[in-house]
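Data from structure38.txt: compact mmCIF, C-alpha atoms
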# COMPACT_ATOMS: atom_id res chain seq x y z
CA MET A 1 0.00 0.00 0.00
CA PRO A 2 2.75 2.58 0.78
CA ALA A 3 4.36 1.89 -2.61
CA PHE A 4 0.98 2.20 -4.34
CA LEU A 5 0.23 5.50 -2.58
CA GLU A 6 3.68 6.78 -3.54
CA ARG A 7 3.00 6.05 -7.20
CA LEU A 8 -0.22 8.03 -6.88
CA GLY A 9 1.48 10.92 -5.05
CA LEU A 10 -0.52 10.41 -1.82
CA HIS A 11 2.06 8.71 0.40
CA ARG A 12 2.31 11.33 3.17
CA PRO A 13 -0.50 12.68 5.38
CA GLU A 14 0.02 16.29 4.31
CA LEU A 15 -0.14 15.30 0.63
CA ARG A 16 -3.44 13.47 1.17
CA ALA A 17 -4.84 16.39 3.18
CA TRP A 18 -3.77 18.84 0.47
CA ALA A 19 -5.37 16.78 -2.31
CA THR A 20 -8.62 16.54 -0.31
CA TYR A 21 -9.31 20.20 -1.09
CA ASP A 22 -9.66 19.26 -4.76
CA TRP A 23 -12.33 16.81 -3.57
CA ALA A 24 -14.02 19.68 -1.68
CA VAL A 25 -14.01 22.42 -4.31
CA SER A 26 -14.81 20.07 -7.19
CA ALA A 27 -18.38 19.82 -5.92
CA MET A 28 -18.78 23.48 -6.83
CA GLN A 29 -16.94 23.07 -10.12
CA THR A 30 -19.06 20.07 -11.10
CA THR A 31 -22.54 20.96 -9.85
CA ILE A 32 -22.46 24.77 -10.04
CA MET A 33 -20.00 25.52 -12.81
CA ALA A 34 -20.50 22.62 -15.19
CA ALA A 35 -23.63 20.50 -14.69
CA VAL A 36 -26.73 21.48 -12.73
CA PHE A 37 -26.59 25.24 -12.22
CA PRO A 38 -26.06 26.26 -15.89
CA ILE A 39 -29.18 24.31 -16.87
CA TYR A 40 -31.13 25.81 -13.96
CA PHE A 41 -29.84 29.27 -14.86
CA VAL A 42 -31.05 28.99 -18.47
CA ARG A 43 -34.40 27.31 -17.77
CA VAL A 44 -35.45 28.82 -14.43
CA ALA A 45 -33.48 31.92 -13.43
CA SER A 46 -33.51 33.28 -17.00
CA ALA A 47 -37.17 32.48 -17.60
CA GLY A 48 -38.69 35.24 -19.73
CA LEU A 49 -35.46 36.21 -21.50
CA PRO A 50 -35.19 35.82 -25.31
CA PRO A 51 -33.64 32.56 -26.65
CA GLY A 52 -29.88 32.49 -26.36
CA ARG A 53 -29.71 35.22 -23.73
CA GLY A 54 -29.54 32.86 -20.77
CA ALA A 55 -26.14 31.46 -21.78
CA GLN A 56 -25.01 34.97 -22.64
CA GLN A 57 -26.01 36.26 -19.18
CA LEU A 58 -24.19 33.36 -17.53
CA ALA A 59 -21.07 34.17 -19.55
CA PHE A 60 -21.20 37.82 -18.42
CA ALA A 61 -21.63 36.76 -14.76
CA ASN A 62 -18.58 34.53 -15.09
CA THR A 63 -16.62 37.40 -16.62
CA ALA A 64 -17.48 39.73 -13.73
CA GLY A 65 -16.40 37.22 -11.08
CA MET A 66 -13.14 36.33 -12.82
CA LEU A 67 -12.26 39.99 -13.33
CA LEU A 68 -12.63 40.66 -9.60
CA VAL A 69 -10.37 37.73 -8.66
CA ALA A 70 -7.82 38.74 -11.29
CA LEU A 71 -7.54 42.17 -9.69
CA LEU A 72 -7.28 40.82 -6.13
CA SER A 73 -5.02 37.78 -6.62
CA PRO A 74 -1.53 39.32 -6.86
CA VAL A 75 -1.95 41.60 -3.84
CA LEU A 76 -3.50 38.81 -1.77
CA GLY A 77 -0.71 36.45 -2.84
CA ALA A 78 1.94 38.91 -1.71
CA LEU A 79 0.07 39.41 1.56
CA ALA A 80 -0.05 35.63 2.10
CA ASP A 81 3.72 35.29 1.61
CA HIS A 82 4.53 38.30 3.79
CA SER A 83 2.27 37.35 6.69
CA GLY A 84 2.23 33.55 6.40
CA ALA A 85 -1.52 33.48 5.79
CA LYS A 86 -2.03 31.19 2.81
CA LYS A 87 -4.34 28.84 4.72
CA LEU A 88 -6.30 31.69 6.29
CA LEU A 89 -6.98 33.26 2.90
CA LEU A 90 -7.86 29.86 1.45
CA ALA A 91 -10.43 29.41 4.23
CA LEU A 92 -11.82 32.93 3.70
CA PHE A 93 -12.40 32.43 -0.02
CA ALA A 94 -13.72 28.89 0.41
CA GLY A 95 -16.19 30.04 3.05
CA THR A 96 -17.40 32.92 0.90
CA GLY A 97 -17.90 30.67 -2.10
CA ALA A 98 -19.71 28.03 -0.07
CA LEU A 99 -22.11 30.61 1.38
CA ALA A 100 -22.89 31.82 -2.14
CA CYS A 101 -23.71 28.25 -3.19
CA GLY A 102 -25.97 27.89 -0.16
CA GLY A 103 -27.72 31.12 -1.15
CA MET A 104 -28.61 29.61 -4.53
CA PHE A 105 -31.30 27.62 -2.72
CA TRP A 106 -33.41 30.80 -2.82
CA ILE A 107 -33.19 31.40 -6.59
CA GLY A 108 -36.61 31.13 -8.25
CA HIS A 109 -38.15 31.70 -11.68
CA GLY A 110 -36.94 34.93 -13.26
CA ASP A 111 -34.37 35.68 -10.52
CA VAL A 112 -31.63 36.22 -13.08
CA THR A 113 -29.97 39.07 -11.17
CA LEU A 114 -29.74 37.12 -7.90
CA ALA A 115 -28.51 34.05 -9.79
CA SER A 116 -25.85 36.09 -11.61
CA VAL A 117 -24.54 37.70 -8.41
CA LEU A 118 -24.39 34.45 -6.43
CA TYR A 119 -22.73 32.63 -9.34
CA ALA A 120 -20.10 35.37 -9.64
CA VAL A 121 -19.39 35.26 -5.88
CA ALA A 122 -19.13 31.46 -5.95
CA MET A 123 -16.65 31.74 -8.82
CA VAL A 124 -14.62 34.27 -6.84
CA GLY A 125 -14.58 31.94 -3.83
CA ALA A 126 -13.48 28.91 -5.83
CA ALA A 127 -10.90 30.70 -7.96
CA GLY A 128 -9.44 32.69 -5.07
CA SER A 129 -9.13 29.66 -2.80
CA MET A 130 -7.48 27.64 -5.57
CA ALA A 131 -4.76 30.29 -5.92
CA PHE A 132 -3.72 29.82 -2.28
CA TYR A 133 -4.25 26.07 -2.48
CA GLY A 134 -1.85 25.90 -5.42
CA ALA A 135 0.65 28.09 -3.57
CA LEU A 136 0.93 25.41 -0.87
CA LEU A 137 1.99 22.74 -3.40
CA PRO A 138 5.73 23.56 -3.77
CA HIS A 139 6.05 23.64 0.03
CA ILE A 140 4.81 20.07 0.60
CA ALA A 141 5.86 18.23 -2.58
CA ARG A 142 9.45 17.55 -3.59
CA ASP A 143 10.62 18.27 -7.14
CA HIS A 144 10.20 14.67 -8.33
CA GLU A 145 6.74 14.39 -6.70
CA ILE A 146 5.07 17.56 -7.85
CA ASP A 147 3.46 16.26 -11.07
CA ARG A 148 2.07 13.15 -9.37
CA VAL A 149 0.72 15.10 -6.37
CA SER A 150 -0.98 17.66 -8.59
CA THR A 151 -2.62 15.04 -10.81
CA ALA A 152 -3.67 13.06 -7.70
CA GLY A 153 -5.49 16.15 -6.48
CA TYR A 154 -7.38 16.44 -9.74
CA ALA A 155 -8.23 12.72 -9.66
CA LEU A 156 -9.66 13.02 -6.15
CA GLY A 157 -11.58 16.06 -7.34
CA TYR A 158 -13.18 14.04 -10.11
CA ILE A 159 -14.17 11.31 -7.65
CA GLY A 160 -15.58 13.70 -5.04
CA GLY A 161 -17.45 15.92 -7.47
CA GLY A 162 -18.74 12.88 -9.35
CA LEU A 163 -20.01 11.07 -6.24
CA LEU A 164 -21.94 14.09 -4.99
CA LEU A 165 -23.33 14.75 -8.48
CA ALA A 166 -24.50 11.13 -8.74
CA VAL A 167 -26.50 11.49 -5.52
CA GLN A 168 -27.88 14.84 -6.63
CA LEU A 169 -28.88 13.41 -10.00
CA ALA A 170 -30.73 10.59 -8.23
CA TRP A 171 -33.00 12.91 -6.26
CA ILE A 172 -33.39 15.40 -9.13
CA THR A 173 -34.63 12.68 -11.50
CA SER A 174 -36.56 10.63 -8.88
CA PRO A 175 -37.55 13.08 -6.15
CA GLY A 176 -40.40 10.92 -4.84
CA ALA A 177 -37.96 8.16 -3.87
CA PHE A 178 -36.30 10.63 -1.49
CA GLY A 179 -39.52 11.98 0.01
CA LEU A 180 -39.40 15.16 -2.08
CA PRO A 181 -42.41 16.66 -3.91
CA SER A 182 -43.11 14.89 -7.21
CA GLY A 183 -45.82 14.37 -9.80
CA PRO A 184 -48.22 16.83 -11.47
CA GLY A 185 -49.64 19.95 -9.92
CA LEU A 186 -46.49 21.10 -8.14
CA THR A 187 -45.91 24.76 -7.41
CA PRO A 188 -42.81 26.35 -8.99
CA ALA A 189 -41.03 26.20 -5.62
CA GLU A 190 -41.87 22.51 -5.17
CA GLY A 191 -40.83 21.65 -8.71
CA THR A 192 -37.40 23.21 -8.29
CA LEU A 193 -36.80 22.00 -4.72
CA PRO A 194 -34.62 18.96 -5.64
CA THR A 195 -32.30 21.12 -7.73
CA ARG A 196 -32.14 23.86 -5.11
CA LEU A 197 -31.26 21.25 -2.48
CA ALA A 198 -28.37 20.21 -4.70
CA PHE A 199 -26.98 23.73 -4.43
CA ALA A 200 -27.25 23.59 -0.63
CA THR A 201 -25.40 20.27 -0.45
CA VAL A 202 -22.54 21.78 -2.46
CA ALA A 203 -22.11 24.38 0.28
CA ALA A 204 -22.02 21.75 3.03
CA TRP A 205 -19.66 19.46 1.07
CA TRP A 206 -17.27 22.31 0.26
CA LEU A 207 -17.04 23.43 3.90
CA LEU A 208 -16.70 19.91 5.35
CA PHE A 209 -13.85 18.77 3.12
CA THR A 210 -11.92 22.00 3.46
CA ILE A 211 -11.13 21.00 7.05
CA PRO A 212 -8.27 18.50 6.27
CA VAL A 213 -6.10 20.98 4.37
CA LEU A 214 -6.56 23.54 7.15
CA ARG A 215 -5.71 21.04 9.90
CA ARG A 216 -3.01 18.82 8.40
CA VAL A 217 -1.05 20.94 5.91
CA PRO A 218 1.51 23.15 7.70
CA GLU A 219 1.39 26.86 7.01
CA PRO A 220 4.62 27.86 5.24
CA PRO A 221 6.58 30.42 7.26
CA ALA A 222 6.35 34.06 6.30
CA ARG A 223 9.18 35.17 4.05
CA ARG A 224 9.85 38.90 4.27
CA GLU A 225 12.13 40.85 2.02
CA ALA A 226 15.24 42.38 3.57
CA GLY A 227 14.43 45.70 5.21
CA SER A 228 10.69 44.99 5.37
CA ALA A 229 10.47 44.33 9.11
CA ALA A 230 9.27 47.82 9.91
CA ARG A 231 6.67 47.94 7.17
CA SER A 232 3.05 47.34 8.05
CA ALA A 233 1.24 44.24 6.88
CA LEU A 234 -0.77 46.44 4.51
CA VAL A 235 2.16 48.29 2.94
CA ALA A 236 4.63 45.40 2.65
CA PRO A 237 2.58 43.32 0.19
CA PHE A 238 2.48 46.19 -2.31
CA VAL A 239 6.25 46.68 -1.98
CA ARG A 240 6.78 42.98 -2.43
CA LEU A 241 4.44 42.98 -5.42
CA GLY A 242 6.64 45.59 -7.08
CA HIS A 243 9.65 43.36 -6.45
CA THR A 244 7.79 40.44 -8.02
CA LEU A 245 6.96 42.43 -11.12
CA ARG A 246 10.63 43.26 -11.54
CA ALA A 247 11.61 39.66 -10.76
CA LEU A 248 9.48 38.36 -13.61
CA ARG A 249 12.26 39.40 -15.95
CA ARG A 250 14.50 36.91 -14.16
CA PHE A 251 12.00 34.07 -14.53
CA ARG A 252 11.52 34.41 -18.26
CA GLU A 253 10.40 30.81 -18.89
CA ALA A 254 7.77 30.93 -16.12
CA PHE A 255 6.44 34.19 -17.55
CA LEU A 256 6.36 32.76 -21.09
CA PHE A 257 4.48 29.74 -19.76
CA LEU A 258 1.93 32.08 -18.15
CA ALA A 259 1.43 33.80 -21.51
CA ALA A 260 0.78 30.42 -23.15
CA PHE A 261 -1.46 29.33 -20.28
CA VAL A 262 -3.66 32.42 -20.38
CA ILE A 263 -4.39 31.72 -24.04
CA TYR A 264 -5.04 27.98 -24.09
CA ASN A 265 -6.87 27.96 -20.76
CA ASP A 266 -9.38 30.38 -22.29
CA GLY A 267 -10.53 27.57 -24.53
CA VAL A 268 -10.52 24.99 -21.72
CA GLN A 269 -12.54 27.17 -19.34
CA THR A 270 -15.07 28.15 -22.00
CA ILE A 271 -15.78 24.50 -22.76
CA ILE A 272 -16.06 23.61 -19.06
CA LYS A 273 -18.33 26.50 -18.08
CA LEU A 274 -20.62 26.81 -21.10
CA ALA A 275 -20.89 23.27 -22.49
CA THR A 276 -24.14 22.41 -20.70
CA ALA A 277 -25.66 25.84 -21.40
CA TYR A 278 -24.76 25.32 -25.07
CA GLY A 279 -26.22 21.80 -25.03
CA THR A 280 -29.42 23.09 -23.40
CA GLU A 281 -29.92 25.72 -26.08
CA ILE A 282 -29.48 23.29 -28.98
CA GLY A 283 -32.04 20.90 -27.47
CA ILE A 284 -30.05 18.26 -25.58
CA GLY A 285 -32.12 16.86 -22.67
CA GLN A 286 -31.24 17.60 -19.06
CA ASN A 287 -30.63 13.94 -18.14
CA THR A 288 -28.24 13.52 -21.05
CA LEU A 289 -26.38 16.71 -20.14
CA ILE A 290 -25.87 15.67 -16.53
CA ALA A 291 -25.00 12.11 -17.56
CA ALA A 292 -22.30 13.60 -19.81
CA ILE A 293 -20.83 15.46 -16.85
CA MET A 294 -20.78 12.17 -14.94
CA VAL A 295 -18.86 10.64 -17.85
CA VAL A 296 -16.30 13.45 -17.63
CA GLN A 297 -15.94 12.97 -13.88
CA PHE A 298 -15.34 9.24 -13.85
CA VAL A 299 -13.35 8.98 -17.07
CA GLY A 300 -11.24 11.83 -15.70
CA VAL A 301 -10.10 9.79 -12.66
CA PRO A 302 -7.93 7.20 -14.45
CA PHE A 303 -6.84 9.64 -17.13
CA ALA A 304 -5.61 12.17 -14.55
CA PHE A 305 -3.26 9.47 -13.29
CA VAL A 306 -2.42 8.51 -16.89
CA PHE A 307 -1.31 12.07 -17.55
CA GLY A 308 0.81 11.99 -14.39
CA ALA A 309 2.53 8.88 -15.75
CA LEU A 310 2.88 10.49 -19.20
CA ALA A 311 4.58 13.47 -17.59
CA GLY A 312 7.13 11.08 -16.09
CA ARG A 313 7.86 9.58 -19.51
CA LEU A 314 7.38 12.46 -21.94
CA GLY A 315 7.69 15.48 -19.65
CA ALA A 316 4.84 17.66 -18.42
CA LYS A 317 5.11 20.07 -21.34
CA ARG A 318 4.66 17.39 -24.02
CA ALA A 319 1.78 15.83 -22.11
CA VAL A 320 0.00 19.21 -21.97
CA LEU A 321 0.57 19.73 -25.70
CA LEU A 322 -1.04 16.35 -26.35
CA GLY A 323 -4.08 17.32 -24.27
CA LEU A 324 -4.46 20.64 -26.08
CA SER A 325 -4.42 18.88 -29.45
CA VAL A 326 -7.39 16.77 -28.30
CA TYR A 327 -9.19 19.95 -27.20
CA MET A 328 -8.84 21.34 -30.73
CA LEU A 329 -10.60 18.25 -32.05
CA ILE A 330 -13.34 18.65 -29.41
CA ALA A 331 -14.06 22.25 -30.48
CA VAL A 332 -14.42 21.21 -34.13
CA LEU A 333 -16.70 18.27 -33.30
CA ALA A 334 -18.85 20.39 -30.96
CA TYR A 335 -19.72 22.71 -33.86
CA GLY A 336 -21.45 19.85 -35.68
CA MET A 337 -23.05 18.27 -32.60
CA ARG A 338 -26.74 17.42 -33.05
CA THR A 339 -27.78 14.61 -30.69
CA GLY A 340 -27.39 13.46 -27.12
CA THR A 341 -25.10 10.67 -28.30
CA HIS A 342 -22.80 13.25 -29.89
CA PHE A 343 -22.69 15.12 -26.59
CA LEU A 344 -21.79 11.96 -24.66
CA VAL A 345 -18.96 11.16 -27.09
CA LEU A 346 -17.57 14.67 -26.67
CA ALA A 347 -17.84 14.29 -22.89
CA LEU A 348 -15.74 11.12 -23.14
CA LEU A 349 -13.06 13.01 -25.07
CA VAL A 350 -13.10 15.89 -22.58
CA GLY A 351 -12.73 13.45 -19.69
CA THR A 352 -9.55 12.00 -21.17
CA VAL A 353 -7.71 15.34 -21.17
CA GLN A 354 -9.38 17.83 -18.84
CA GLY A 355 -7.90 16.90 -15.46
CA GLY A 356 -4.48 15.92 -16.74
CA THR A 357 -4.03 19.09 -18.77
CA GLN A 358 -4.99 21.36 -15.88
CA ALA A 359 -3.08 19.42 -13.23
CA LEU A 360 0.13 19.41 -15.26
CA SER A 361 -0.25 23.10 -16.06
CA ARG A 362 -0.36 23.75 -12.30
CA SER A 363 2.64 21.54 -11.51
CA LEU A 364 4.62 22.78 -14.53
CA PHE A 365 4.30 26.35 -13.30
CA ALA A 366 5.07 25.33 -9.70
CA SER A 367 8.31 23.70 -10.86
CA MET A 368 9.53 26.99 -12.42
CA ILE A 369 9.00 29.29 -9.40
CA PRO A 370 10.96 29.62 -6.13
CA PRO A 371 8.90 28.19 -3.22
CA HIS A 372 9.57 31.20 -0.97
CA ARG A 373 7.56 33.33 -3.42
CA SER A 374 4.90 30.77 -4.26
CA GLY A 375 2.04 32.94 -2.94
CA GLU A 376 3.00 35.88 -5.13
CA PHE A 377 3.68 33.81 -8.20
CA PHE A 378 0.51 31.79 -7.79
CA GLY A 379 -1.22 35.13 -7.32
CA PHE A 380 0.01 36.02 -10.80
CA PHE A 381 -0.95 32.55 -11.95
CA GLY A 382 -4.40 33.35 -10.58
CA VAL A 383 -4.48 36.63 -12.53
CA PHE A 384 -3.58 34.88 -15.77
CA GLU A 385 -5.97 32.01 -15.03
CA LYS A 386 -8.85 34.37 -14.29
CA PHE A 387 -8.24 36.53 -17.32
CA SER A 388 -8.20 33.33 -19.35
CA GLY A 389 -11.51 32.44 -17.74
CA LEU A 390 -12.71 35.91 -18.71
CA LEU A 391 -11.85 36.25 -22.40
CA GLY A 392 -13.23 32.95 -23.67
CA PRO A 393 -16.75 33.31 -22.20
CA LEU A 394 -16.75 36.99 -23.21
CA LEU A 395 -15.90 36.03 -26.80
CA PHE A 396 -18.63 33.38 -26.63
CA ALA A 397 -21.18 35.99 -25.53
CA LEU A 398 -20.10 38.46 -28.22
CA VAL A 399 -20.26 35.86 -31.00
CA VAL A 400 -23.80 34.94 -29.85
CA GLN A 401 -24.68 38.64 -29.89
CA LEU A 402 -23.33 39.15 -33.41
CA GLY A 403 -24.17 35.81 -34.99
CA GLY A 404 -27.29 34.84 -33.06
CA THR A 405 -26.10 31.24 -32.57
CA SER A 406 -24.04 29.35 -30.01
CA ARG A 407 -22.60 27.05 -32.69
CA LEU A 408 -20.26 29.68 -34.10
CA ALA A 409 -19.42 30.72 -30.54
CA ILE A 410 -18.27 27.22 -29.52
CA LEU A 411 -16.18 26.93 -32.70
CA SER A 412 -14.47 30.26 -32.01
CA VAL A 413 -12.59 28.83 -29.00
CA ILE A 414 -10.28 26.84 -31.29
CA VAL A 415 -8.16 29.96 -31.82
CA PHE A 416 -7.14 29.86 -28.15
CA PHE A 417 -5.72 26.35 -28.51
CA VAL A 418 -3.81 27.17 -31.70
CA VAL A 419 -2.11 30.25 -30.23
CA GLY A 420 -1.56 28.63 -26.81
CA ILE A 421 0.18 25.62 -28.35
CA ALA A 422 2.46 27.88 -30.40
CA LEU A 423 3.57 29.77 -27.27
CA LEU A 424 3.92 26.70 -25.07
CA ARG A 425 6.28 25.07 -27.57
CA ARG A 426 8.70 27.95 -26.98
CA VAL A 427 8.93 27.42 -23.19
CA ASP A 428 12.31 25.99 -22.09
CA VAL A 429 11.23 24.05 -19.00
CA PRO A 430 14.69 22.87 -17.76
CA THR A 431 15.99 26.44 -17.88
CA GLY A 432 12.95 27.68 -15.96
CA GLN A 433 13.40 25.02 -13.29
CA ALA A 434 17.09 25.84 -12.92
CA ASP A 435 16.26 29.54 -12.49
CA ALA A 436 13.79 28.68 -9.71
CA ARG A 437 16.26 26.46 -7.84
CA ARG A 438 18.95 29.11 -8.04
CA ALA A 439 16.63 31.83 -6.69
CA GLU A 440 15.49 29.62 -3.81
CA ALA A 441 19.09 28.79 -2.86
CA GLU A 442 19.98 32.47 -2.87
CA ALA A 443 16.97 33.30 -0.67
CA GLN A 444 17.89 30.61 1.83
CA ALA A 445 21.49 31.79 1.93
CA ALA A 446 20.36 35.38 2.54
CA ALA A 447 18.09 34.19 5.38
CA GLY A 448 20.86 32.09 6.92
CA ILE A 449 19.05 28.77 6.21
CA ARG A 450 21.26 25.74 5.71
Reformat the file's structure so that it appears as C-alpha cells.
Amino acid sequence: MPAFLERLGLHRPELRAWATYDWAVSAMQTTIMAAVFPIYFVRVASAGLPPGRGAQQLAFANTAGMLLVALLSPVLGALADHSGAKKLLLALFAGTGALACGGMFWIGHGDVTLASVLYAVAMVGAAGSMAFYGALLPHIARDHEIDRVSTAGYALGYIGGGLLLAVQLAWITSPGAFGLPSGPGLTPAEGTLPTRLAFATVAAWWLLFTIPVLRRVPEPPARREAGSAARSALVAPFVRLGHTLRALRRFREAFLFLAAFVIYNDGVQTIIKLATAYGTEIGIGQNTLIAAIMVVQFVGVPFAFVFGALAGRLGAKRAVLLGLSVYMLIAVLAYGMRTGTHFLVLALLVGTVQGGTQALSRSLFASMIPPHRSGEFFGFFGVFEKFSGLLGPLLFALVVQLGGTSRLAILSVIVFFVVGIALLRRVDVPTGQADARRAEAEAQAAAGIR
C-alpha cells in the first residue's frame, strides 16, 4: 500500500490532506460551474429572456467574477507570503464561495440578477481559494513528486465531485424516492426543490472537506524581504508585489508559460463553463447533459493518473501539448453536434484530457517558481488564469450577440488552442526550473538557512 500510494502521489499525510481540497471544491466546479446550475440558470433563473440570452447572461456573470479575482489575486498572494496566511486566505475564499452556493437555494423563476450575483461570488470563492491552495503545493511536494501530487489532487476532485453529483442526480430525477415533492400539480417552488437542495449540499460538502487541508497541511513560514520588518502588513505586500513584477524578468520561462497558459486555458474554461448551457440551447435533454458530466468525472479519474505517468515519460510540457491537441478536435466536433449521443462522445473526449491538462499546467508552473515566493507567483498565476476564464466566455457571448447562434461561438474557441500551443512550444522548462532552484538557494542563503 505505501508503494501504491507513492505512485499516486498520496504517500504522506500532508499530501493526502492537500489533495482533499480538490475533492471539496470540485463539488462546486461540477454541480455549479458545469452540470446542474447552468441548466437551472437557463431554464429557471432566466425564464422570460429571449432565446440564447440565458447562456449569454451566464457568460457575463462569469466574466465579472473572474475579473474581480484577477484584480485581487496578486496583492493577496503577496500578503499571504509576507504574513504567512495562505491557509487563512484559502479558508476565507472557500467560506465565501460556499455561502454563495448555499444562497442559490433561494433562486426562483426569473431571478436572473440574484442568480448572476451568487454565481459570480461562488466563482470568486473557488478561484481565489485555488490560488492559495496551489501556492501550498511547492512547500509540501518535492521536485520529483510535484506532477504526481498535482494530478492526484485532480483525480480526487473528479471522484468527489462525481459522487456528490450522482447522488444529486438521483434525487433530481426521482424526487419521490427521497420523500421530495413529485408528480403533477407542483408549485414552482416545489418543482425546483430537488435542484435547489443540490446547491445547498454543495455548500455543506465544500465546507466539510476543506477541514483537512486547514488542519493537516503546515502553514509555510512568512518570508519577508530584507528591510521589510518595519513595514506594516498592509504596505509590505504592495512593496513585495513591485519586487515580483521586476523579478518576472529573471523568470523568463515561467512568464512565457503564463502567456501560453492564459491563451489555451481560455478555450478549456469556455468548454467547461458553457458546455451544458450550449447543449441546453441546442435541445439536448437535461438527463443527457448531466450524464455527460458524470462521464467526464469518472473517465477523468484514471486519465488524470495517466497524464501523471505520461509526464514522467514524456515530460509535463509534451503531455500538456497532447491534451491541447485533443481539445482542438473537441471544439471542431462540438460545432457539428446534433444529438445526445454526440454530446456523450464529446464528454468522453473531454474526460480524457481535462484533469491531466490542468493538473500538469499547475505543476509545470510550480516547478519553475521559487517556493519562498509561491504565494505571489501563484497570485500572478491566478491573474492569468482568471483573465483566461474571462476572455473565452466573453468572446462566446459576443459571438452569440453578433451571430445569433451558439454554434459559431463554440467553434471560435479553437483559436485559443492554436495560439496557446504555439507559445507553449517555446517554453524551455529545464531552464525555468534551474532559475527557480537558483533563486530559492539564494533566498535561503540570505536568510541564513542551511
Considering all atoms listed in the file, return as a PDB file with C-alpha atoms, keeping the file's coordinate frame whatever protein or nucleic-acid residues lie within 12 Å of region 344-347 of chain A, sequence-local ones (same chain, fewer than 4 positions apart) excluded.
ATOM      1  CA  ALA A  34     -20.500  22.620 -15.190  1.00  0.00           C
ATOM      2  CA  ALA A  35     -23.630  20.500 -14.690  1.00  0.00           C
ATOM      3  CA  ILE A 271     -15.780  24.500 -22.760  1.00  0.00           C
ATOM      4  CA  ILE A 272     -16.060  23.610 -19.060  1.00  0.00           C
ATOM      5  CA  ALA A 275     -20.890  23.270 -22.490  1.00  0.00           C
ATOM      6  CA  THR A 276     -24.140  22.410 -20.700  1.00  0.00           C
ATOM      7  CA  GLY A 279     -26.220  21.800 -25.030  1.00  0.00           C
ATOM      8  CA  ILE A 284     -30.050  18.260 -25.580  1.00  0.00           C
ATOM      9  CA  GLY A 285     -32.120  16.860 -22.670  1.00  0.00           C
ATOM     10  CA  ASN A 287     -30.630  13.940 -18.140  1.00  0.00           C
ATOM     11  CA  THR A 288     -28.240  13.520 -21.050  1.00  0.00           C
ATOM     12  CA  LEU A 289     -26.380  16.710 -20.140  1.00  0.00           C
ATOM     13  CA  ILE A 290     -25.870  15.670 -16.530  1.00  0.00           C
ATOM     14  CA  ALA A 291     -25.000  12.110 -17.560  1.00  0.00           C
ATOM     15  CA  ALA A 292     -22.300  13.600 -19.810  1.00  0.00           C
ATOM     16  CA  ILE A 293     -20.830  15.460 -16.850  1.00  0.00           C
ATOM     17  CA  MET A 294     -20.780  12.170 -14.940  1.00  0.00           C
ATOM     18  CA  VAL A 295     -18.860  10.640 -17.850  1.00  0.00           C
ATOM     19  CA  VAL A 296     -16.300  13.450 -17.630  1.00  0.00           C
ATOM     20  CA  GLN A 297     -15.940  12.970 -13.880  1.00  0.00           C
ATOM     21  CA  PHE A 298     -15.340   9.240 -13.850  1.00  0.00           C
ATOM     22  CA  VAL A 299     -13.350   8.980 -17.070  1.00  0.00           C
ATOM     23  CA  GLY A 300     -11.240  11.830 -15.700  1.00  0.00           C
ATOM     24  CA  VAL A 326      -7.390  16.770 -28.300  1.00  0.00           C
ATOM     25  CA  TYR A 327      -9.190  19.950 -27.200  1.00  0.00           C
ATOM     26  CA  MET A 328      -8.840  21.340 -30.730  1.00  0.00           C
ATOM     27  CA  LEU A 329     -10.600  18.250 -32.050  1.00  0.00           C
ATOM     28  CA  ILE A 330     -13.340  18.650 -29.410  1.00  0.00           C
ATOM     29  CA  ALA A 331     -14.060  22.250 -30.480  1.00  0.00           C
ATOM     30  CA  VAL A 332     -14.420  21.210 -34.130  1.00  0.00           C
ATOM     31  CA  LEU A 333     -16.700  18.270 -33.300  1.00  0.00           C
ATOM     32  CA  ALA A 334     -18.850  20.390 -30.960  1.00  0.00           C
ATOM     33  CA  TYR A 335     -19.720  22.710 -33.860  1.00  0.00           C
ATOM     34  CA  GLY A 336     -21.450  19.850 -35.680  1.00  0.00           C
ATOM     35  CA  MET A 337     -23.050  18.270 -32.600  1.00  0.00           C
ATOM     36  CA  ARG A 338     -26.740  17.420 -33.050  1.00  0.00           C
ATOM     37  CA  THR A 339     -27.780  14.610 -30.690  1.00  0.00           C
ATOM     38  CA  GLY A 340     -27.390  13.460 -27.120  1.00  0.00           C
ATOM     39  CA  GLY A 351     -12.730  13.450 -19.690  1.00  0.00           C
ATOM     40  CA  THR A 352      -9.550  12.000 -21.170  1.00  0.00           C
ATOM     41  CA  VAL A 353      -7.710  15.340 -21.170  1.00  0.00           C
ATOM     42  CA  GLN A 354      -9.380  17.830 -18.840  1.00  0.00           C
TER      43      GLN A 354
END
Residue nearest Leu208 (chain A) among A:Thr63, A:Gln29, A:Thr20, A:Ser361 (counting all atoms listed in the file):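 That would be A:Thr20, the residue with the smallest distance to Leu208 (chain A).
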Minimum-distance residue to Thr30 (chain A), chosen among A:Gly65, A:Gly157, A:Pro212, A:Pro393 (using only C-alpha atoms):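 Closest residue, counting only C-alpha atoms: A:Gly157.
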Contacts of Gly97 (chain A) within 6 Å, all atoms listed in the file, excl. fewer than 2 positions in-chain, as a PyMOL selection string: chain A and resi 94-95+99-100+122+125
Nearest residue to Ala319 (chain A) from the set A:Leu348, A:Leu15, A:Leu360, A:Ala254 (distances using only C-alpha atoms): A:Leu360
